[in-house]
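Note sheet for the following structure.
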Amino acid sequence: MHRLVPILAITLGLYACANNDKKISSWEINDVYQSTIVTSNNTGGKTYLGPSINTMDDSNTYEMFNLRSIQNAQGEKSYELQIHLTYFNQMRSYENARLINGTSLPVQVISKDAGLCEAKGCIYKELLSIKLSDSFLKQNVKDGIQLTVSSKAGVSTDIFVPSQYLKGYLKAVDGVNY
């Protein structure tokens, strides 16, 4: 009898994991909405900073990215995807970005930094900015945004901004459900 209880608990746990719902839930959208930081700037406008998404890719690149927008006093908004990449070995010098459909996006390098070095190598960081339009975000709100940033060193990093992130962020910026 004592062995039956742990086996039953494990079986029920595995059954629950196997039946996870793949649909986007409203709580994920609301988490992004509530985590978006809104601040007033000195020109009478607002700045919206979405929460960071953190992940690691196959080439051991730590990825941290988020959306940021600035609304001027007249209500016009500009958007950017900020991408912070951290990795080891040599500086990669990221220089371009392409959407999954092949469309090229302009990349602005904000900073590059060679950090702590030890016997295994150095830690490198690059901060990139990709300007996006309001219409582009709204066109991609259903499926999310998938892009690849490539470097001079030949290393590419895939970035995916999911639909629920876009919906929650745009809800915070525009005050509208998408």
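By convention here, the chains of the structure tokens are called A, B, ... in the order presented, each chain's residues are numbered starting at 1, and ligands are numbered starting at 1 in the order presented.
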
Query - All residues 10 Å or closer to A:Leu137, only C-alpha atoms, same chain fewer than 2 positions away omitted, as a ChimeraX atom specification - result: /A:79,132-135,139-142,144-145,163,166-167,170

Please produce a file of the residues just selected, as a PDB file, in the first residue's frame, where the atoms kept are N, CA and C atoms.
```pdb
ATOM      1  N   TYR A  79       8.535  52.743 -31.985  1.00  0.00           N
ATOM      2  CA  TYR A  79       8.764  51.463 -31.322  1.00  0.00           C
ATOM      3  C   TYR A  79      10.151  50.928 -31.654  1.00  0.00           C
ATOM      4  N   LEU A 132      10.746  49.417 -35.194  1.00  0.00           N
ATOM      5  CA  LEU A 132       9.554  48.768 -35.721  1.00  0.00           C
ATOM      6  C   LEU A 132       8.436  49.798 -35.809  1.00  0.00           C
ATOM      7  N   SER A 133       7.539  49.602 -36.737  1.00  0.00           N
ATOM      8  CA  SER A 133       6.417  50.528 -36.879  1.00  0.00           C
ATOM      9  C   SER A 133       5.191  49.993 -36.136  1.00  0.00           C
ATOM     10  N   ASP A 134       4.286  50.885 -35.849  1.00  0.00           N
ATOM     11  CA  ASP A 134       3.024  50.532 -35.214  1.00  0.00           C
ATOM     12  C   ASP A 134       2.257  49.535 -36.084  1.00  0.00           C
ATOM     13  N   SER A 135       2.215  49.799 -37.383  1.00  0.00           N
ATOM     14  CA  SER A 135       1.485  48.901 -38.290  1.00  0.00           C
ATOM     15  C   SER A 135       2.144  47.520 -38.354  1.00  0.00           C
ATOM     16  N   GLN A 139       0.236  44.088 -37.454  1.00  0.00           N
ATOM     17  CA  GLN A 139       0.119  43.046 -38.478  1.00  0.00           C
ATOM     18  C   GLN A 139       0.591  41.697 -37.952  1.00  0.00           C
ATOM     19  N   ASN A 140       1.513  41.718 -37.002  1.00  0.00           N
ATOM     20  CA  ASN A 140       2.104  40.483 -36.493  1.00  0.00           C
ATOM     21  C   ASN A 140       1.565  40.059 -35.133  1.00  0.00           C
ATOM     22  N   VAL A 141       0.531  40.746 -34.649  1.00  0.00           N
ATOM     23  CA  VAL A 141       0.000  40.457 -33.318  1.00  0.00           C
ATOM     24  C   VAL A 141      -0.599  39.052 -33.237  1.00  0.00           C
ATOM     25  N   LYS A 142      -1.071  38.519 -34.332  1.00  0.00           N
ATOM     26  CA  LYS A 142      -1.690  37.187 -34.318  1.00  0.00           C
ATOM     27  C   LYS A 142      -0.663  36.057 -34.176  1.00  0.00           C
ATOM     28  N   GLY A 144       2.954  36.594 -33.776  1.00  0.00           N
ATOM     29  CA  GLY A 144       4.210  36.958 -33.140  1.00  0.00           C
ATOM     30  C   GLY A 144       5.250  37.341 -34.171  1.00  0.00           C
ATOM     31  N   ILE A 145       6.418  37.701 -33.699  1.00  0.00           N
ATOM     32  CA  ILE A 145       7.518  38.129 -34.581  1.00  0.00           C
ATOM     33  C   ILE A 145       8.679  37.163 -34.408  1.00  0.00           C
ATOM     34  N   SER A 163       2.971  36.049 -29.662  1.00  0.00           N
ATOM     35  CA  SER A 163       1.726  36.777 -29.847  1.00  0.00           C
ATOM     36  C   SER A 163       1.206  37.365 -28.537  1.00  0.00           C
ATOM     37  N   LEU A 166       3.009  40.526 -27.636  1.00  0.00           N
ATOM     38  CA  LEU A 166       2.573  41.666 -28.447  1.00  0.00           C
ATOM     39  C   LEU A 166       1.201  42.168 -28.019  1.00  0.00           C
ATOM     40  N   LYS A 167       0.279  41.245 -27.772  1.00  0.00           N
ATOM     41  CA  LYS A 167      -1.079  41.633 -27.364  1.00  0.00           C
ATOM     42  C   LYS A 167      -1.064  42.381 -26.038  1.00  0.00           C
ATOM     43  N   LEU A 170       0.798  45.899 -26.537  1.00  0.00           N
ATOM     44  CA  LEU A 170      -0.026  46.868 -27.267  1.00  0.00           C
ATOM     45  C   LEU A 170      -1.258  47.275 -26.462  1.00  0.00           C
TER      46      LEU A 170
END
```

Requested in this report: Within stretch 56-141 of chain A, find each residue whose DSSP state, derived from the backbone, is alpha helix (DSSP H), and express the selection as a PyMOL selection string.
Outcome: chain A and resi 134-139

Atoms to include: N, CA and C atoms. Write the selected residues as a short mmCIF file (atom, residue, chain, number, x, y, z; two decimals), in the first residue's frame.
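Below is the file that was written, again.cif:
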```cif
data_model
loop_
_atom_site.label_atom_id
_atom_site.label_comp_id
_atom_site.auth_asym_id
_atom_site.auth_seq_id
_atom_site.Cartn_x
_atom_site.Cartn_y
_atom_site.Cartn_z
N ASP A 134 4.29 50.88 -35.85
CA ASP A 134 3.02 50.53 -35.21
C ASP A 134 2.26 49.53 -36.08
N SER A 135 2.21 49.80 -37.38
CA SER A 135 1.48 48.90 -38.29
C SER A 135 2.14 47.52 -38.35
N PHE A 136 3.47 47.46 -38.31
CA PHE A 136 4.17 46.17 -38.32
C PHE A 136 3.79 45.34 -37.09
N LEU A 137 3.79 45.97 -35.92
CA LEU A 137 3.42 45.24 -34.69
C LEU A 137 2.00 44.72 -34.77
N LYS A 138 1.09 45.55 -35.25
CA LYS A 138 -0.31 45.16 -35.31
C LYS A 138 -0.56 44.08 -36.38
N GLN A 139 0.24 44.09 -37.45
CA GLN A 139 0.12 43.05 -38.48
C GLN A 139 0.59 41.70 -37.95
#
```

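Checking A:Ser111, A:Thr157, A:Ser129, A:Ser93 one by one against A:Asn60, counting only C-alpha atoms, you find the shortest gap at A:Thr157.
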
**Report entry** Spatial neighbours of A:Ile123, max dist 12 Å, only C-alpha atoms, sep filter under 3 positions, as a PyMOL selection string
**Finding:** chain A and resi 60-62+85-92+112-120+126

Requested in this report: Check stretch 24-131 of chain A with DSSP on the backbone and list each residue it calls strand (DSSP E), as a PyMOL selection string.
Outcome: chain A and resi 37-40+46-49+53-56+62-71+77-89+94-99+104-105+107-118+121-131

Query raised in the report: If you count only C-alpha atoms, which residues fall within 8 Å of A:Ala172, apart from same-chain ones fewer than 2 positions away, as an MDAnalysis selection string?
Result: chainID A and resid 33:34 36 168:170 174:176

Query raised in the report: stretch 42-59 of chain A: which residues within 7 Å, counting only C-alpha atoms, same-chain residues fewer than 4 positions away excluded, as a VMD selection string?
Result: chain A and resid 32 35 to 38 63 to 73 169 173

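One finds atom CA of A:Lys77 at 20.5 Å from atom CA of A:Gln164.
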